[in-house]
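Undergrad: One structure coming up, written as C-alpha cells, with questions to follow.
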Amino acid sequence: MKIICNTARLNEACQNVQRAVSSKATMPAIEGILMKAEAGQVQLTGYDMDMGITTVQEARVEEDGAIVLNARLLCDILRRLPGETVSIEADPRQLCTIRCGEVEYQLVGIDAKEYPELPTVTEEVPVLIDSETLEKMVKQTIFAVSTNDTKVVHTGIKFEVSENTLKLIAVDGFRLAIRTEAINYTGEPLSFVVPAKTLSEVIKLIDEAEVVALKVAARHIVFEVGAYALISRLLDGEFLDYNAAIPKAHSTEVEVDTKTIISAIDRMSLMISDRVKSPLRCVFDENVIRMSTSTTIGAANDKVPAKIEGNRVEIGFNNRFLLDAFRACDLDTVKVTLNGPLSPITVVPVEGDSFLFLVLPVRLRNEK
C-alpha cells in the first residue's frame, strides 16, 4: 500500500474515526485504525465491537493495499506533521513508513485480515432527519439517560418513528425526557433504542452534513453524516412504558419565565453538593414560587414570580434534576403542572407538545 494525501484532512478524519477505537482490548487489531487504499481513495475504519466509524478520503493511491495502525500513535503523529502532504507506505511485512517533509516515522502495523468485519445494514429506505433538529432533540433528552447498568436498555435513547413524526425518549428512574418533532417520513413505524454513547459521537460529527440518514436493522443502526458512517448496535430490553408514567391530571398549573427559574435554582444549588445533600423545597402559591434549602453549610431562600392556578403545593426536588429539566427547555416561558407533593412534576410548552420533562419529587422532612 502506498498513498499520498493532504495532511490536515487525513488528520481530521483519523481524529474522528479514533473515537470508535477501543482503548482497552484483548484483540490488538481493534486498538488500531484500518486503512484501506484503492481507486483513488483511502477508507478509514475504527471499531470497538459495539460502535464503528468509517469515512473515505481522497488520496493519490500509488499502490492498493490495507494495514491496521495503532490509532493513538497514528493520530499523534499526524497532528504534529509539518507539511501539507503526507506519504504512507506499507510493505508486505506490515512495516509502515510515514513521510512528511524531512520527517519520517516507521511503525509496525497489523495485517488487515486480523481486523473484524463490521456488521452490515441493508435497509434501502433511510429515515432522513435535519441535522440541527436531530442535534437539538438529542441534547434535550440525553441528560435523562440512565448511567446505571442495572437496566441496560435505559442507558440509551428510544426512537419512535411514525408517519411524519419523530419522538425521542430518555429515562433514568427519577426523570423522563420526551422530544417530538415533525419529519418527512411515510414508511412503516419504527421503534428502537440507541446507546447514549453512540448519539454523543453522532452529535460530534453533525457539522459534517445538513441531513442525517438513519438506516435501521434488527440489531444495528447506521447514521450517515456527511462523509462519515457510524454503525452501532441497538439496545435490547423492555423500555419503560413512559405513557403510563405521565400524570393524566393535575391540580396546579404554573407559567414561569424559563431563565428566571433557572437562575433561582442555580443560586439555591450553591448550598448543595454531592457531600452536602438536601432537597430543594419549592412552594407554589399566590403567583410566586418560594424556594429554599438548608444544609450543614448554610441556608438559602429565593422567590420567583409566576402565574399560578389551582391548589397550593409544597414539594421537594433533587436540585440538579430540576435544573436539567428547565435548561433543556428552548422557550422563554414554560408551563409546569403538579398534582400534589408526591406526584411527578411536568415541564411542557405553554402551547404544543414538542417536549415533556418529568421529574419525580423528593420527600421533605417536616420542619417544626
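So you can find residues: chains in the C-alpha cells are A, B, ... in the order shown, residues in each start at 1, and ligands are numbered from 1 in order.
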Considering only C-alpha atoms, return as JSON, numbers by chain whatever protein or nucleic-acid residues lie within 9 Å of segment 206-211 of chain A, sequence-local ones (same chain, fewer than 4 positions apart) excluded.
TA: {"A": [128, 129, 130, 131, 132, 134, 135, 201, 202, 224, 225, 226, 227, 228]}
Undergrad: Write the selection just made, keeping N, CA and C atoms, as a compact mmCIF listing (two decimals), in the first residue's frame?
TA:
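New file again-v6.txt:
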```
# COMPACT_ATOMS: atom_id res chain seq x y z
N LEU A 128 -34.65 10.22 7.03
CA LEU A 128 -33.86 11.44 6.85
C LEU A 128 -34.28 12.48 7.88
N ILE A 129 -33.30 13.01 8.60
CA ILE A 129 -33.58 13.99 9.66
C ILE A 129 -32.65 15.19 9.48
N ASP A 130 -33.20 16.38 9.54
CA ASP A 130 -32.40 17.59 9.52
C ASP A 130 -31.37 17.52 10.66
N SER A 131 -30.12 17.80 10.36
CA SER A 131 -29.06 17.61 11.34
C SER A 131 -29.23 18.50 12.57
N GLU A 132 -29.66 19.75 12.37
CA GLU A 132 -29.86 20.65 13.52
C GLU A 132 -30.99 20.15 14.40
N LEU A 134 -31.98 16.97 14.76
CA LEU A 134 -31.52 15.79 15.50
C LEU A 134 -30.60 16.20 16.64
N GLU A 135 -29.69 17.13 16.38
CA GLU A 135 -28.77 17.59 17.43
C GLU A 135 -29.54 18.17 18.61
N GLU A 201 -21.44 10.61 19.91
CA GLU A 201 -20.49 10.66 18.80
C GLU A 201 -21.14 11.18 17.53
N VAL A 202 -22.40 10.85 17.30
CA VAL A 202 -23.12 11.39 16.14
C VAL A 202 -23.16 12.91 16.22
N GLU A 224 -25.59 8.02 8.74
CA GLU A 224 -24.75 8.59 7.69
C GLU A 224 -24.72 10.10 7.86
N VAL A 225 -23.53 10.62 8.19
CA VAL A 225 -23.35 12.04 8.48
C VAL A 225 -22.27 12.56 7.56
N GLY A 226 -22.66 13.19 6.46
CA GLY A 226 -21.67 13.67 5.50
C GLY A 226 -20.82 12.52 4.99
N ALA A 227 -19.49 12.68 5.12
CA ALA A 227 -18.56 11.66 4.63
C ALA A 227 -18.38 10.51 5.61
N TYR A 228 -19.07 10.57 6.74
CA TYR A 228 -18.89 9.56 7.77
C TYR A 228 -20.11 8.64 7.88
```
Undergrad: Enumerate, as a VMD selection string, the complete set of residues in segment 144-328 of chain A that a backbone-based DSSP assignment places in strand (DSSP E).
TA: chain A and resid 156 to 162 165 to 171 175 to 182 190 to 195 211 to 216 220 to 225 228 to 233 252 to 257 280 to 285 288 to 295 298 to 305 307 to 310 313 to 317
Undergrad: Given the choices A:Val254, A:Val288, A:Ala39, A:Leu69, which gets closest to Ala112 of chain A if the distance is worked out from only C-alpha atoms?
TA: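 Result for the nearest residue to Ala112 of chain A: A:Leu69.
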Undergrad: So which one's closest to Arg312 of chain A, A:Ser251, A:Thr293, A:Gln140, A:Thr258? Using only C-alpha atoms, please.
TA: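 Looking only at the distances to Arg312 of chain A, the closest residue turns out to be A:Ser251.
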Undergrad: Could you list, as an NGL selection string, every residue within 10 Å of Ile4 of chain A, counting only C-alpha atoms and ignoring same-chain residues fewer than 6 positions away?
TA: :A and (40-42 or 58-62 or 85-89 or 98-100)
Undergrad: Please report, as a PyMOL selection string, each residue of segment 116-251 of chain A to which DSSP assigns alpha helix (DSSP H) when run on this structure's backbone.
TA: chain A and resi 131-139+196-205+242-245
Undergrad: Kindly indicate which residue among A:Val152, A:Phe159, A:Ile77, A:Ala229 lies nearest to Gly46 of chain A, using only C-alpha atoms for the distances.
TA: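 Smallest distance to Gly46 of chain A is found for A:Ala229.
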Undergrad: Quick one: everything within 7 Å of Val347 of chain A, counting only C-alpha atoms, minus sequence neighbours fewer than 5 positions away in the same chain. Send it as a CSV table (one decimal) with C-alpha atoms, in the first residue's frame.
TA:
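Result saved to part.csv:
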```csv
chain,number,residue,atom,x,y,z
A,334,VAL,CA,-42.9,27.2,30.1
A,335,LYS,CA,-45.8,25.5,31.8
A,336,VAL,CA,-45.4,23.4,34.9
A,337,THR,CA,-48.0,21.0,36.1
A,356,LEU,CA,-42.2,17.0,28.1
A,357,PHE,CA,-39.8,16.8,31.0
A,358,LEU,CA,-40.9,14.9,34.1
```
Undergrad: One number please: atom CA of Leu73 of chain A to atom CA of Pro195 of chain A, in Å, one decimal.
TA: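 Taking atom CA of Leu73 of chain A as the start and atom CA of Pro195 of chain A as the end point, the length is 27.7 Å.
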Undergrad: Pick out the closest residue to Glu181 of chain A from this set: A:Val350, A:Val127, A:Ile261, A:Leu166. Count only C-alpha atoms.
TA: A:Leu166
Undergrad: If we count only C-alpha atoms and set the cut-off at 8 Å, which residues sit around segment 277-280 of chain A, ignoring sequence neighbours fewer than 4 positions away in its own chain? Please answer as a ChimeraX atom specification.
TA: /A:268,272-273,291-295,316-319,362,364
Undergrad: Considering only C-alpha atoms, can you say which of A:Ala245, A:Ser162, A:Glu12, A:Arg275 comes closest to Phe174 of chain A?
TA: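 Closest candidate: A:Ala245.
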Undergrad: Taking only C-alpha atoms into account, which of A:Leu199, A:Leu323, A:Leu205, A:Ala306 comes nearest Val256 of chain A?
TA: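 The shortest atom-to-atom distance to Val256 of chain A comes from A:Ala306.
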Undergrad: Can you tell me, as number ranges by chain, what residues are no more than 12 Å from Asn339 of chain A when counting only C-alpha atoms, ignoring any on the same chain fewer than 2 positions away?
TA: A: 246-254, 284, 309-315, 336-337, 341-346, 360-361
Undergrad: Give me a file of those residues, with C-alpha atoms, as a short mmCIF file (atom, residue, chain, number, x, y, z; two decimals), in the first residue's frame.
TA:
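Saved to part.cif:
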```cif
data_model
loop_
_atom_site.label_atom_id
_atom_site.label_comp_id
_atom_site.auth_asym_id
_atom_site.auth_seq_id
_atom_site.Cartn_x
_atom_site.Cartn_y
_atom_site.Cartn_z
CA ILE A 246 -47.01 10.69 32.78
CA PRO A 247 -49.72 12.01 35.16
CA LYS A 248 -53.12 12.13 33.48
CA ALA A 249 -54.40 15.01 35.61
CA HIS A 250 -53.08 17.92 37.63
CA SER A 251 -54.39 20.20 40.36
CA THR A 252 -51.95 23.08 39.88
CA GLU A 253 -50.76 24.80 36.71
CA VAL A 254 -47.89 27.28 36.58
CA PHE A 284 -46.16 27.09 44.59
CA GLU A 309 -53.70 28.49 39.03
CA GLY A 310 -55.01 25.76 41.34
CA ASN A 311 -54.02 24.32 44.68
CA ARG A 312 -51.07 25.36 46.82
CA VAL A 313 -48.27 22.77 46.60
CA GLU A 314 -45.20 22.34 48.78
CA ILE A 315 -42.83 19.87 47.20
CA VAL A 336 -45.35 23.44 34.93
CA THR A 337 -48.05 21.05 36.12
CA PRO A 341 -46.43 16.88 46.86
CA LEU A 342 -45.92 13.19 45.98
CA SER A 343 -46.65 13.19 42.25
CA PRO A 344 -44.13 13.98 39.50
CA ILE A 345 -43.81 17.49 38.14
CA THR A 346 -44.02 18.01 34.38
CA LEU A 360 -40.00 12.78 40.49
CA PRO A 361 -40.25 14.64 43.82
#
```
Undergrad: Work out how far apart atom CA of Asp50 of chain A and atom CA of Lys197 of chain A are and give it in Å to one decimal.
TA: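 Distance reported for this atom pair: 10.1 Å.
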Undergrad: Please report the interatomic distance between atom CA of Val283 of chain A and atom CA of Ala325 of chain A in Å with one decimal.
TA: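 Those two atoms sit 18.0 Å apart.
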